[in-house]
>>> print(open('input.tsv').read())   # TSV, C-alpha atoms and all ligand atoms
chain	number	residue	atom	x	y	z
A	194	MET	CA	13.84	-50.72	53.72
A	195	MET	CA	12.47	-51.40	50.21
A	196	PRO	CA	11.43	-55.05	49.66
A	197	PRO	CA	14.15	-56.85	47.62
A	198	ASP	CA	12.01	-57.13	44.45
A	199	ALA	CA	11.02	-53.49	44.50
A	200	ALA	CA	14.64	-52.48	45.17
A	201	ALA	CA	15.95	-54.57	42.27
A	202	GLY	CA	13.28	-53.13	39.97
A	203	HIS	CA	14.08	-49.58	41.04
A	204	SER	CA	17.81	-50.11	40.60
A	205	ALA	CA	17.23	-51.54	37.10
A	206	ARG	CA	15.20	-48.44	36.14
A	207	VAL	CA	17.95	-46.09	37.40
A	208	ARG	CA	20.56	-48.15	35.55
A	209	ASP	CA	18.52	-47.95	32.31
A	210	HIS	CA	18.13	-44.21	32.72
A	211	LEU	CA	21.86	-43.74	33.24
A	212	ALA	CA	22.68	-45.99	30.29
A	213	SER	CA	20.37	-43.95	28.04
A	214	GLN	CA	22.06	-40.74	29.23
A	215	ILE	CA	25.50	-42.20	28.48
A	216	ASN	CA	24.36	-43.26	25.00
A	217	ALA	CA	22.74	-39.88	24.34
A	218	ALA	CA	26.02	-38.19	25.29
A	219	GLY	CA	27.93	-40.25	22.72
A	220	GLY	CA	29.04	-43.12	24.97
A	221	TRP	CA	30.75	-41.26	27.82
A	222	LEU	CA	29.46	-39.21	30.76
A	223	SER	CA	31.61	-37.24	33.18
A	224	PHE	CA	31.55	-38.77	36.66
A	225	GLU	CA	30.09	-35.53	38.02
A	226	ARG	CA	27.05	-35.91	35.75
A	227	PHE	CA	26.81	-39.62	36.55
A	228	MET	CA	26.79	-38.93	40.30
A	229	ASP	CA	24.25	-36.15	39.86
A	230	LEU	CA	21.85	-38.48	38.03
A	231	ALA	CA	22.47	-41.48	40.31
A	232	LEU	CA	21.59	-39.35	43.34
A	233	TYR	CA	19.11	-36.77	42.08
A	234	ALA	CA	17.43	-37.80	38.79
A	235	PRO	CA	13.77	-36.90	39.52
A	236	GLY	CA	11.86	-39.86	40.90
A	237	LEU	CA	14.80	-42.20	40.30
A	238	GLY	CA	17.99	-41.00	41.97
A	239	TYR	CA	18.95	-42.23	45.43
A	240	TYR	CA	17.75	-39.05	47.17
A	241	SER	CA	14.73	-38.53	44.91
A	242	GLY	CA	13.49	-42.13	45.09
A	243	GLY	CA	11.68	-43.78	47.97
A	244	ALA	CA	14.45	-45.65	49.83
A	245	GLN	CA	14.71	-45.20	53.60
A	246	LYS	CA	18.25	-43.72	53.32
A	247	LEU	CA	19.00	-42.46	56.85
A	248	GLY	CA	19.16	-44.14	60.23
A	249	ARG	CA	19.29	-47.71	61.48
A	250	ASP	CA	16.98	-49.09	58.76
A	251	GLY	CA	18.65	-47.04	56.04
A	252	ASP	CA	22.12	-46.95	54.54
A	253	PHE	CA	24.07	-44.54	56.71
A	254	THR	CA	23.88	-42.66	59.97
A	255	THR	CA	24.49	-38.97	60.49
A	256	ALA	CA	25.14	-37.05	63.70
A	257	PRO	CA	21.48	-36.08	64.23
A	258	GLU	CA	20.52	-39.73	63.67
A	259	VAL	CA	23.08	-40.82	66.28
A	260	SER	CA	21.80	-38.51	68.99
A	261	PRO	CA	19.48	-35.60	69.77
A	262	LEU	CA	22.47	-34.08	71.60
A	263	PHE	CA	23.89	-32.91	68.27
A	264	GLY	CA	20.76	-30.91	67.46
A	265	ALA	CA	20.56	-29.63	71.03
A	266	CYS	CA	24.07	-28.18	70.78
A	267	VAL	CA	23.37	-26.73	67.31
A	268	GLY	CA	20.21	-25.24	68.82
A	269	VAL	CA	22.23	-23.54	71.56
A	270	GLN	CA	24.59	-22.15	68.92
A	271	CYS	CA	21.63	-20.85	66.89
A	272	ALA	CA	20.13	-19.29	70.02
A	273	GLU	CA	23.32	-17.28	70.60
A	274	VAL	CA	23.10	-15.83	67.11
A	275	LEU	CA	19.36	-15.16	67.29
A	276	ALA	CA	19.87	-13.45	70.67
A	277	SER	CA	22.54	-11.22	69.21
A	278	LEU	CA	20.27	-10.32	66.28
A	279	GLY	CA	17.28	-9.74	68.58
A	280	THR	CA	15.21	-12.13	66.50
A	281	GLY	CA	15.44	-13.98	63.20
A	282	SER	CA	14.80	-17.17	61.29
A	283	VAL	CA	16.61	-20.42	60.55
A	284	LEU	CA	17.16	-21.99	57.15
A	285	GLU	CA	18.28	-25.61	57.14
A	286	ILE	CA	19.57	-27.11	53.91
A	287	GLY	CA	19.13	-30.83	53.17
A	288	ALA	CA	17.23	-31.89	56.28
A	289	GLY	CA	17.25	-35.69	55.78
A	290	SER	CA	14.71	-37.31	58.09
A	291	GLY	CA	13.84	-33.99	59.78
A	292	ARG	CA	15.44	-35.00	63.07
A	293	LEU	CA	17.94	-32.16	63.20
A	294	ALA	CA	15.16	-29.63	62.51
A	295	ALA	CA	13.09	-31.11	65.34
A	296	ASP	CA	16.00	-31.18	67.81
A	297	VAL	CA	17.07	-27.62	66.98
A	298	LEU	CA	13.52	-26.30	67.23
A	299	ALA	CA	12.90	-28.14	70.50
A	300	ARG	CA	16.07	-26.70	72.05
A	301	LEU	CA	15.29	-23.20	70.78
A	302	GLU	CA	11.86	-23.50	72.35
A	303	THR	CA	13.26	-24.38	75.78
A	304	GLN	CA	15.49	-21.31	75.53
A	305	ALA	CA	12.54	-19.10	74.51
A	306	ARG	CA	14.38	-18.33	71.27
A	307	LEU	CA	12.05	-19.83	68.67
A	308	PRO	CA	12.83	-18.50	65.20
A	309	GLU	CA	10.18	-16.54	63.32
A	310	ARG	CA	10.38	-19.20	60.62
A	311	TYR	CA	12.25	-22.44	60.11
A	312	TRP	CA	12.77	-22.97	56.40
A	313	ILE	CA	13.92	-26.29	55.02
A	314	LEU	CA	15.54	-26.21	51.59
A	315	GLU	CA	15.30	-29.81	50.41
A	316	ILE	CA	15.96	-31.06	46.91
A	317	SER	CA	14.20	-34.41	47.41
A	318	ALA	CA	10.38	-34.46	47.23
A	319	ASP	CA	10.40	-37.82	49.02
A	320	LEU	CA	12.42	-36.42	51.93
A	321	ARG	CA	10.29	-33.25	52.10
A	322	ARG	CA	7.27	-35.52	52.65
A	323	ARG	CA	9.08	-37.58	55.28
A	324	GLN	CA	10.30	-34.46	57.10
A	325	HIS	CA	6.77	-33.07	57.21
A	326	GLU	CA	5.42	-36.33	58.66
A	327	TYR	CA	8.21	-36.47	61.25
A	328	LEU	CA	7.85	-32.87	62.40
A	329	GLU	CA	4.07	-33.17	62.51
A	330	LYS	CA	4.48	-36.09	64.89
A	331	ARG	CA	7.23	-34.60	67.05
A	332	LEU	CA	6.35	-30.93	67.23
A	333	PRO	CA	2.78	-30.41	65.94
A	334	HIS	CA	2.50	-27.09	67.78
A	335	LEU	CA	5.51	-25.68	65.87
A	336	LEU	CA	4.60	-26.96	62.42
A	337	ASP	CA	3.18	-23.63	61.28
A	338	ARG	CA	6.67	-22.10	61.61
A	339	VAL	CA	8.22	-24.66	59.27
A	340	HIS	CA	8.21	-23.96	55.55
A	341	TRP	CA	9.65	-26.13	52.81
A	342	LEU	CA	11.54	-24.85	49.78
A	343	ASP	CA	12.67	-26.71	46.68
A	344	ARG	CA	14.90	-23.88	45.48
A	345	PRO	CA	17.03	-21.27	47.26
A	346	LEU	CA	15.14	-18.70	49.28
A	347	GLU	CA	14.93	-15.32	47.58
A	348	GLU	CA	13.40	-13.29	50.39
A	349	PRO	CA	16.13	-11.56	52.46
A	350	PHE	CA	16.25	-12.57	56.11
A	351	ASP	CA	18.35	-12.32	59.29
A	352	GLY	CA	19.25	-15.47	61.22
A	353	VAL	CA	21.10	-18.73	60.74
A	354	ILE	CA	21.69	-21.05	57.79
A	355	LEU	CA	22.79	-24.56	58.69
A	356	ALA	CA	23.53	-27.80	56.88
A	357	ASN	CA	24.78	-31.14	58.13
A	358	GLU	CA	26.30	-33.55	55.60
A	359	VAL	CA	25.01	-31.75	52.53
A	360	LEU	CA	28.29	-30.50	51.03
A	361	ASP	CA	29.54	-34.10	50.83
A	362	ALA	CA	26.45	-35.02	48.82
A	363	LEU	CA	27.14	-32.50	46.04
A	364	PRO	CA	28.36	-34.19	42.85
A	365	VAL	CA	32.13	-34.14	42.33
A	366	ALA	CA	34.42	-34.29	39.32
A	367	ARG	CA	36.93	-37.16	39.40
A	368	PHE	CA	40.41	-36.90	37.90
A	369	ARG	CA	43.50	-39.02	37.41
A	370	TRP	CA	47.10	-37.89	37.19
A	371	HIS	CA	48.65	-39.86	34.36
A	372	ALA	CA	52.00	-39.42	32.61
A	373	ASN	CA	52.25	-35.88	34.01
A	374	ALA	CA	48.91	-34.90	32.52
A	375	VAL	CA	45.40	-34.69	33.94
A	376	GLU	CA	42.63	-37.03	32.84
A	377	GLU	CA	38.96	-36.71	33.63
A	378	MET	CA	37.35	-39.90	34.88
A	379	GLY	CA	34.01	-40.64	33.32
A	380	VAL	CA	31.64	-43.53	32.83
A	381	ALA	CA	31.07	-45.60	29.71
A	382	ILE	CA	29.38	-48.95	29.07
A	383	LEU	CA	31.79	-51.80	28.40
A	384	GLU	CA	30.40	-55.30	27.91
A	385	LYS	CA	27.01	-54.11	29.18
A	386	GLU	CA	28.49	-52.86	32.48
A	387	PHE	CA	29.31	-49.33	33.66
A	388	ALA	CA	33.06	-48.83	33.66
A	389	TRP	CA	35.54	-46.06	34.40
A	390	VAL	CA	36.97	-44.53	31.25
A	391	ALA	CA	39.46	-41.66	31.40
A	392	ARG	CA	39.76	-38.86	28.84
A	393	PRO	CA	42.24	-35.99	28.58
A	394	ALA	CA	40.97	-33.22	30.87
A	395	ASP	CA	40.04	-29.85	29.40
A	396	ALA	CA	42.07	-26.74	30.18
A	397	ALA	CA	39.86	-25.69	33.11
A	398	MET	CA	40.14	-29.05	34.89
A	399	THR	CA	43.87	-29.25	34.18
A	400	LYS	CA	44.38	-25.83	35.77
A	401	ILE	CA	42.34	-26.77	38.85
A	402	CYS	CA	44.26	-30.03	39.32
A	403	HIS	CA	47.61	-28.25	39.05
A	404	GLU	CA	46.47	-25.84	41.75
A	405	LEU	CA	45.35	-28.72	43.98
A	406	SER	CA	48.63	-30.49	43.44
A	407	ALA	CA	50.54	-27.33	44.38
A	408	ALA	CA	48.41	-26.94	47.53
A	409	SER	CA	49.30	-30.47	48.60
A	410	GLY	CA	52.92	-29.42	48.78
A	411	ARG	CA	54.00	-31.27	45.65
A	412	ARG	CA	56.05	-29.64	42.92
A	413	ASP	CA	53.87	-27.81	40.44
A	414	ASP	CA	56.43	-27.78	37.66
A	415	GLY	CA	54.79	-30.72	35.91
A	416	GLY	CA	55.77	-33.23	38.59
A	417	GLY	CA	52.47	-33.29	40.42
A	418	TRP	CA	51.41	-36.49	42.15
A	419	ASP	CA	52.60	-40.01	41.38
A	420	ASP	CA	51.31	-41.65	38.24
A	421	GLY	CA	47.81	-43.06	38.76
A	422	TYR	CA	46.85	-40.68	41.56
A	423	VAL	CA	43.04	-40.34	41.61
A	424	SER	CA	40.95	-37.82	43.49
A	425	GLU	CA	37.90	-35.57	43.31
A	426	TYR	CA	36.91	-31.96	43.65
A	427	CYS	CA	33.53	-30.29	43.86
A	428	GLY	CA	33.46	-27.62	41.18
A	429	ARG	CA	29.98	-26.44	42.02
A	430	VAL	CA	30.62	-25.47	45.64
A	431	GLY	CA	31.17	-21.81	44.71
A	432	ALA	CA	27.98	-21.22	42.72
A	433	TRP	CA	25.95	-23.41	45.06
A	434	THR	CA	27.15	-21.68	48.24
A	435	ARG	CA	26.43	-18.28	46.74
A	436	ALA	CA	22.94	-19.37	45.68
A	437	VAL	CA	21.90	-20.89	49.01
A	438	THR	CA	23.33	-18.12	51.20
A	439	GLN	CA	22.44	-15.07	49.11
A	440	SER	CA	19.26	-14.34	51.07
A	441	LEU	CA	21.05	-14.05	54.42
A	442	ARG	CA	21.29	-10.34	55.21
A	443	ARG	CA	22.74	-10.60	58.73
A	444	GLY	CA	23.65	-13.70	60.65
A	445	ALA	CA	25.62	-16.95	60.58
A	446	VAL	CA	26.13	-19.91	58.29
A	447	LEU	CA	27.06	-23.20	59.96
A	448	TRP	CA	28.44	-26.07	57.85
A	449	PHE	CA	28.94	-29.52	59.37
A	450	ASP	CA	30.57	-32.26	57.36
A	451	TYR	CA	33.45	-34.66	57.07
A	452	GLY	CA	36.42	-33.30	55.28
A	453	LEU	CA	39.82	-31.68	55.44
A	454	PRO	CA	41.66	-28.50	54.57
A	455	ARG	CA	43.03	-28.71	51.02
A	456	ALA	CA	46.68	-29.32	51.94
A	457	GLN	CA	45.70	-32.50	53.80
A	458	TYR	CA	42.98	-33.59	51.39
A	459	TYR	CA	45.31	-33.85	48.42
A	460	LEU	CA	48.30	-35.43	50.13
A	461	ALA	CA	50.15	-37.88	47.88
A	462	GLU	CA	49.29	-40.84	50.14
A	463	ARG	CA	45.53	-40.30	49.67
A	464	HIS	CA	46.01	-41.60	46.14
A	465	GLU	CA	42.61	-43.23	45.68
A	466	GLY	CA	40.61	-40.14	46.55
A	467	THR	CA	37.78	-40.01	49.05
A	468	LEU	CA	34.78	-41.27	47.11
A	469	ALA	CA	32.62	-43.51	49.31
A	470	CYS	CA	29.33	-45.29	48.77
A	471	HIS	CA	26.97	-46.45	51.51
A	472	PHE	CA	24.48	-49.27	51.17
A	473	ARG	CA	22.79	-50.69	54.28
A	474	HIS	CA	25.64	-49.54	56.49
A	475	ARG	CA	28.29	-51.12	54.30
A	476	ARG	CA	30.86	-48.86	52.75
A	477	SER	CA	32.42	-49.35	49.35
A	478	SER	CA	34.22	-47.33	46.73
A	479	ASP	CA	32.16	-48.73	43.84
A	480	PRO	CA	29.64	-46.18	42.53
A	481	PHE	CA	28.42	-48.66	39.91
A	482	ALA	CA	26.99	-51.14	42.44
A	483	ASN	CA	23.45	-50.84	43.83
A	484	ILE	CA	22.72	-47.90	41.58
A	485	GLY	CA	19.87	-45.76	42.85
A	486	LEU	CA	19.93	-47.66	46.14
A	487	GLN	CA	23.20	-46.43	47.60
A	488	ASP	CA	24.53	-43.07	48.67
A	489	ILE	CA	27.60	-41.68	46.91
A	490	THR	CA	29.71	-39.08	48.71
A	491	ALA	CA	33.12	-37.45	48.74
A	492	TRP	CA	34.96	-35.68	51.52
A	493	VAL	CA	34.70	-31.91	51.62
A	494	ASP	CA	37.67	-29.71	50.74
A	495	PHE	CA	37.04	-27.04	53.39
A	496	THR	CA	39.52	-24.67	51.77
A	497	ARG	CA	37.22	-24.63	48.73
A	498	VAL	CA	34.23	-23.89	50.98
A	499	ALA	CA	36.25	-21.09	52.61
A	500	GLU	CA	37.10	-19.54	49.23
A	501	ALA	CA	33.47	-19.78	48.13
A	502	SER	CA	32.07	-18.31	51.35
A	503	ARG	CA	34.56	-15.44	51.34
A	504	GLU	CA	33.61	-14.64	47.74
A	505	ALA	CA	29.96	-14.71	48.77
A	506	GLY	CA	30.73	-11.93	51.27
A	507	PHE	CA	31.11	-13.80	54.57
A	508	GLU	CA	33.77	-13.54	57.30
A	509	LEU	CA	35.22	-16.80	58.59
A	510	ALA	CA	34.17	-17.01	62.25
A	511	GLY	CA	35.33	-20.52	63.12
A	512	PHE	CA	36.61	-23.89	61.95
A	513	THR	CA	36.96	-26.75	64.39
A	514	THR	CA	36.31	-30.46	64.87
A	515	GLN	CA	32.84	-31.77	65.70
A	516	ALA	CA	34.14	-32.92	69.10
A	517	HIS	CA	35.41	-29.45	70.00
A	518	PHE	CA	32.25	-27.81	68.66
A	519	LEU	CA	30.08	-29.99	70.90
A	520	ALA	CA	32.36	-29.57	73.91
A	521	GLY	CA	32.36	-25.79	73.43
A	522	LEU	CA	28.58	-25.87	73.61
A	523	HIS	CA	28.69	-27.94	76.81
A	524	ILE	CA	27.33	-31.23	75.55
A	525	ASP	CA	27.78	-32.57	79.10
A	526	GLN	CA	25.20	-30.08	80.38
A	527	GLU	CA	22.90	-30.93	77.47
A	528	MET	CA	23.10	-34.58	78.53
A	529	ARG	CA	22.10	-33.74	82.08
A	530	LEU	CA	19.29	-31.51	80.89
A	531	ALA	CA	17.90	-34.12	78.49
A	532	ALA	CA	18.17	-37.02	80.95
A	533	GLY	CA	16.84	-35.30	84.07
A	534	SER	CA	16.87	-37.93	86.81
A	535	ASP	CA	16.65	-40.87	84.37
A	536	GLU	CA	20.01	-42.58	84.82
A	537	ASN	CA	19.35	-45.14	82.07
A	538	LEU	CA	18.69	-42.37	79.60
A	539	PHE	CA	21.81	-40.58	80.82
A	540	ALA	CA	23.89	-43.70	80.14
A	541	ARG	CA	22.41	-44.00	76.63
A	542	LEU	CA	23.11	-40.34	75.91
A	543	ALA	CA	26.66	-40.73	77.22
A	544	ASN	CA	27.21	-43.56	74.73
A	545	GLN	CA	25.84	-41.43	71.92
A	546	ALA	CA	28.06	-38.52	72.96
A	547	ARG	CA	31.07	-40.83	72.71
A	548	GLN	CA	30.08	-41.75	69.15
A	549	LEU	CA	29.76	-38.09	68.25
A	550	MET	CA	33.03	-37.08	69.89
A	551	LEU	CA	35.62	-39.85	69.90
A	552	PRO	CA	38.44	-39.26	67.40
A	553	GLY	CA	38.02	-42.76	65.91
A	554	GLU	CA	34.28	-42.20	65.50
A	555	MET	CA	32.82	-38.89	64.33
A	556	GLY	CA	34.77	-36.51	66.55
A	557	GLU	CA	37.72	-35.59	64.35
A	558	ARG	CA	36.79	-36.47	60.76
A	559	PHE	CA	33.72	-34.27	61.04
A	560	LYS	CA	34.26	-30.54	61.14
A	561	ALA	CA	32.17	-27.51	61.99
A	562	MET	CA	32.64	-24.26	60.10
A	563	ALA	CA	31.01	-20.89	60.83
A	564	TRP	CA	30.66	-17.78	58.70
A	565	LEU	CA	29.22	-14.40	59.66
A	566	ARG	CA	27.75	-11.60	57.60
A	567	GLY	CA	26.76	-8.21	59.02
A	568	LEU	CA	27.48	-9.49	62.50
A	569	ASP	CA	30.57	-9.72	64.68
A	570	MET	CA	30.33	-12.00	67.70
A	571	PRO	CA	32.13	-14.94	69.32
A	572	LEU	CA	30.45	-18.31	68.79
A	573	SER	CA	30.73	-20.71	71.74
A	574	GLY	CA	31.10	-23.79	69.52
A	575	PHE	CA	34.33	-22.44	68.10
A	576	THR	CA	36.15	-21.28	71.21
A	577	LEU	CA	37.99	-24.47	72.25
A	578	LEU	CA	40.01	-25.29	69.13
A	579	ASP	CA	40.66	-22.87	66.29
A	580	LEU	CA	41.69	-24.62	63.06
A	581	ARG	CA	41.21	-21.61	60.76
A	582	HIS	CA	44.94	-21.36	60.12
A	583	SER	CA	44.85	-24.79	58.43
A	584	LEU	CA	42.58	-23.65	55.60
B	1	LIG	C1	23.50	-37.05	53.65
B	1	LIG	S1	21.90	-36.38	53.77
B	1	LIG	C2	22.00	-35.49	55.30
B	1	LIG	C3	20.66	-35.30	55.95
B	1	LIG	C4	20.62	-34.53	57.26
B	1	LIG	N1	21.17	-33.21	57.15
B	1	LIG	C5	21.32	-35.28	58.36
B	1	LIG	O1	22.34	-34.83	58.83
B	1	LIG	O2	20.82	-36.33	58.77
B	1	LIG	C6	21.93	-35.10	52.53
B	1	LIG	C7	20.66	-34.26	52.47
B	1	LIG	O3	20.87	-33.15	51.61
B	1	LIG	C8	19.83	-33.10	50.64
B	1	LIG	N2	20.41	-32.41	49.47
B	1	LIG	C9	21.39	-32.84	48.67
B	1	LIG	N3	21.70	-31.92	47.74
B	1	LIG	C10	20.91	-30.85	48.01
B	1	LIG	C11	20.76	-29.58	47.41
B	1	LIG	N4	21.47	-29.22	46.36
B	1	LIG	N5	19.86	-28.73	47.95
B	1	LIG	C12	19.12	-29.08	49.02
B	1	LIG	N6	19.21	-30.28	49.62
B	1	LIG	C13	20.09	-31.16	49.12
B	1	LIG	C14	19.46	-34.56	50.47
B	1	LIG	O4	18.23	-34.75	49.85
B	1	LIG	C15	19.45	-34.98	51.93
B	1	LIG	O5	18.32	-34.53	52.63
>>> encode(input="input.tsv", output="structure tokens", more="lines below")
Ligand SMILES: C[S@@+](CC[C@H](N)C(=O)[O-])C[C@H]1O[C@@H](n2cnc3c(N)ncnc32)[C@H](O)[C@@H]1O
Amino acid sequence: MMPPDAAAGHSARVRDHLASQINAAGGWLSFERFMDLALYAPGLGYYSGGAQKLGRDGDFTTAPEVSPLFGACVGVQCAEVLASLGTGSVLEIGAGSGRLAADVLARLETQARLPERYWILEISADLRRRQHEYLEKRLPHLLDRVHWLDRPLEEPFDGVILANEVLDALPVARFRWHANAVEEMGVAILEKEFAWVARPADAAMTKICHELSAASGRRDDGGGWDDGYVSEYCGRVGAWTRAVTQSLRRGAVLWFDYGLPRAQYYLAERHEGTLACHFRHRRSSDPFANIGLQDITAWVDFTRVAEASREAGFELAGFTTQAHFLAGLHIDQEMRLAAGSDENLFARLANQARQLMLPGEMGERFKAMAWLRGLDMPLSGFTLLDLRHSL
């Protein structure tokens, strides 16, 4: 954790940078741009700066931070694909602390299915450094297989692309339904503080919001949602998905994240959207607090990911909950394998498995989605519950 003085100083610098960007843009910045800068402005944004971010001493916890069982199961799923291809590589996007990479590699090693290479595409220079340190400590003998990228891989390869909680970290546009019209929510400075200011949406945003409203089952004859309805969408998912998956010639893409199919995402009762900020394990919906020190996320519209992946030339191979994904890959056996005869460790792993799988914890909110290209095979993680029809 950053010392309080350093944290306050860092936050003030990020705030100044954002304020100068708002002024340079004429006094108003779209929320999408604001979120992009707050998270990724080089050297300043939450992910680019030096805060701890993940795990117990950070701001939020992800499945690989909860338990090595998550990575073990993902490793088994990767091994199935690599076995079917004969050989191949793995590309992980947004690797956080590096734990998932280490757990996947360790499990692939025990199955004698090590990938030729394990690429990590990571936007944050700070996290690339932390991942290197972590992997060097955990798996020094495998370090020469791991390669870091700061932009999408161009070299074609066969294998697996995977990402846990990266889609939810992509900047989103925020909109409000007001007097039967669409407004774009942006950020201005009022009385020296950042504040939400809405503007009439352009034609492109208006069209998108009408489509989302129609998908939620509401009338699309101008009725839309109730007045004041606020939500988000991630307009860059399409271009981003295409860019990060273009190099995969044959193999699978595995997305893990919290989110919903579109029809549920944009239900009238979810009228405040899904934007959430995380600071030292406290959740809020205020993106203007703790700027540069807190994570800002939005739930994933998996229907949008499905549209984007299909356009990028992939076949939908599975969509299920995290709990069913882990059960399909026999997390119970993974527990036994990891614990051996250590009953204390087994009890700890069993607790972690509950956190990963219980519906009130991460089991249902989090989804797993699989796409295949140039390959047709069943994937064990997606055999127990098939939610593809909901997309
Ligand atoms: C919420 S963290 C998840 C980390 C890790 N996957 C986990 O589950 O613990 C999001 C990660 O994605 C990275 N990231 C965000 N946007 C990215 C992008 N456009 N390309 C590559 N990495 C990105 C962040 O720097 C961070 O490592």
>>> residues_near_ligand(input="input.tsv", ligand="ligand LIG 1 (chain B)", cutoff="6 Å", atoms="all atoms listed in the file", output="PyMOL selection string")
chain A and resi 240+255+257-258+286-289+314-317+356-359+362-363
>>> residues_around(input="input.tsv", residues="range 437-449 of chain A", least_positions_apart="2", cutoff="8 Å", atoms="only C-alpha atoms", output="count of residues only")
32
>>> closest_residue(input="input.tsv", among="A:Trp418, A:Tyr426, A:Trp389, A:Phe495", to="Gly220 in chain A", atoms="only C-alpha atoms")
A:Trp389
>>> closest_residue(input="input.tsv", among="A:Gly553, A:Gly511, A:Pro480, A:Gly268", to="Thr576 in chain A", atoms="all atoms listed in the file")
A:Gly511
>>> atom_distance(input="input.tsv", atom1="CA of Val267 in chain A", atom2="CA of Pro454 in chain A")
22.4 Å
>>> closest_residue(input="input.tsv", among="A:Leu360, A:Ala532, A:Ile484, A:Ala436", to="Asp450 in chain A", atoms="all atoms listed in the file")
A:Leu360
>>> atom_distance(input="input.tsv", atom1="CA of Ala391 in chain A", atom2="CA of Gly410 in chain A")
25.2 Å
>>> decode(input="input.tsv", residues="range 365-379 of chain A", atoms="N, CA and C atoms", output="mmCIF file, in the first residue's frame")
data_model
loop_
_atom_site.group_PDB
_atom_site.id
_atom_site.type_symbol
_atom_site.label_atom_id
_atom_site.label_comp_id
_atom_site.auth_asym_id
_atom_site.auth_seq_id
_atom_site.Cartn_x
_atom_site.Cartn_y
_atom_site.Cartn_z
ATOM 1 N N VAL A 365 -15.719 2.694 -20.447
ATOM 2 C CA VAL A 365 -17.094 2.621 -20.967
ATOM 3 C C VAL A 365 -17.679 4.015 -21.166
ATOM 4 N N ALA A 366 -18.616 4.099 -22.096
ATOM 5 C CA ALA A 366 -19.392 5.334 -22.267
ATOM 6 C C ALA A 366 -20.580 5.266 -21.307
ATOM 7 N N ARG A 367 -20.953 6.400 -20.737
ATOM 8 C CA ARG A 367 -22.097 6.413 -19.811
ATOM 9 C C ARG A 367 -23.214 7.259 -20.430
ATOM 10 N N PHE A 368 -24.442 6.795 -20.323
ATOM 11 C CA PHE A 368 -25.549 7.550 -20.904
ATOM 12 C C PHE A 368 -26.712 7.666 -19.928
ATOM 13 N N ARG A 369 -27.567 8.640 -20.209
ATOM 14 C CA ARG A 369 -28.782 8.814 -19.396
ATOM 15 C C ARG A 369 -29.964 8.958 -20.339
ATOM 16 N N TRP A 370 -31.051 8.328 -19.964
ATOM 17 C CA TRP A 370 -32.290 8.415 -20.731
ATOM 18 C C TRP A 370 -33.109 9.536 -20.115
ATOM 19 N N HIS A 371 -33.326 10.609 -20.878
ATOM 20 C CA HIS A 371 -33.978 11.766 -20.278
ATOM 21 C C HIS A 371 -34.989 12.350 -21.266
ATOM 22 N N ALA A 372 -36.223 12.484 -20.815
ATOM 23 C CA ALA A 372 -37.290 13.057 -21.633
ATOM 24 C C ALA A 372 -37.319 12.393 -23.020
ATOM 25 N N ASN A 373 -37.244 11.061 -23.001
ATOM 26 C CA ASN A 373 -37.290 10.267 -24.233
ATOM 27 C C ASN A 373 -36.149 10.540 -25.207
ATOM 28 N N ALA A 374 -35.085 11.094 -24.704
ATOM 29 C CA ALA A 374 -33.899 11.289 -25.552
ATOM 30 C C ALA A 374 -32.688 10.728 -24.808
ATOM 31 N N VAL A 375 -31.586 10.580 -25.539
ATOM 32 C CA VAL A 375 -30.379 10.027 -24.912
ATOM 33 C C VAL A 375 -29.389 11.156 -24.643
ATOM 34 N N GLU A 376 -28.827 11.148 -23.438
ATOM 35 C CA GLU A 376 -27.779 12.112 -23.106
ATOM 36 C C GLU A 376 -26.489 11.361 -22.806
ATOM 37 N N GLU A 377 -25.382 11.963 -23.170
ATOM 38 C CA GLU A 377 -24.093 11.369 -22.816
ATOM 39 C C GLU A 377 -23.616 11.997 -21.520
ATOM 40 N N MET A 378 -23.216 11.152 -20.583
ATOM 41 C CA MET A 378 -22.713 11.657 -19.307
ATOM 42 C C MET A 378 -21.217 11.934 -19.446
ATOM 43 N N GLY A 379 -20.837 13.128 -19.045
ATOM 44 C CA GLY A 379 -19.428 13.484 -19.102
ATOM 45 C C GLY A 379 -19.019 14.170 -17.813
#
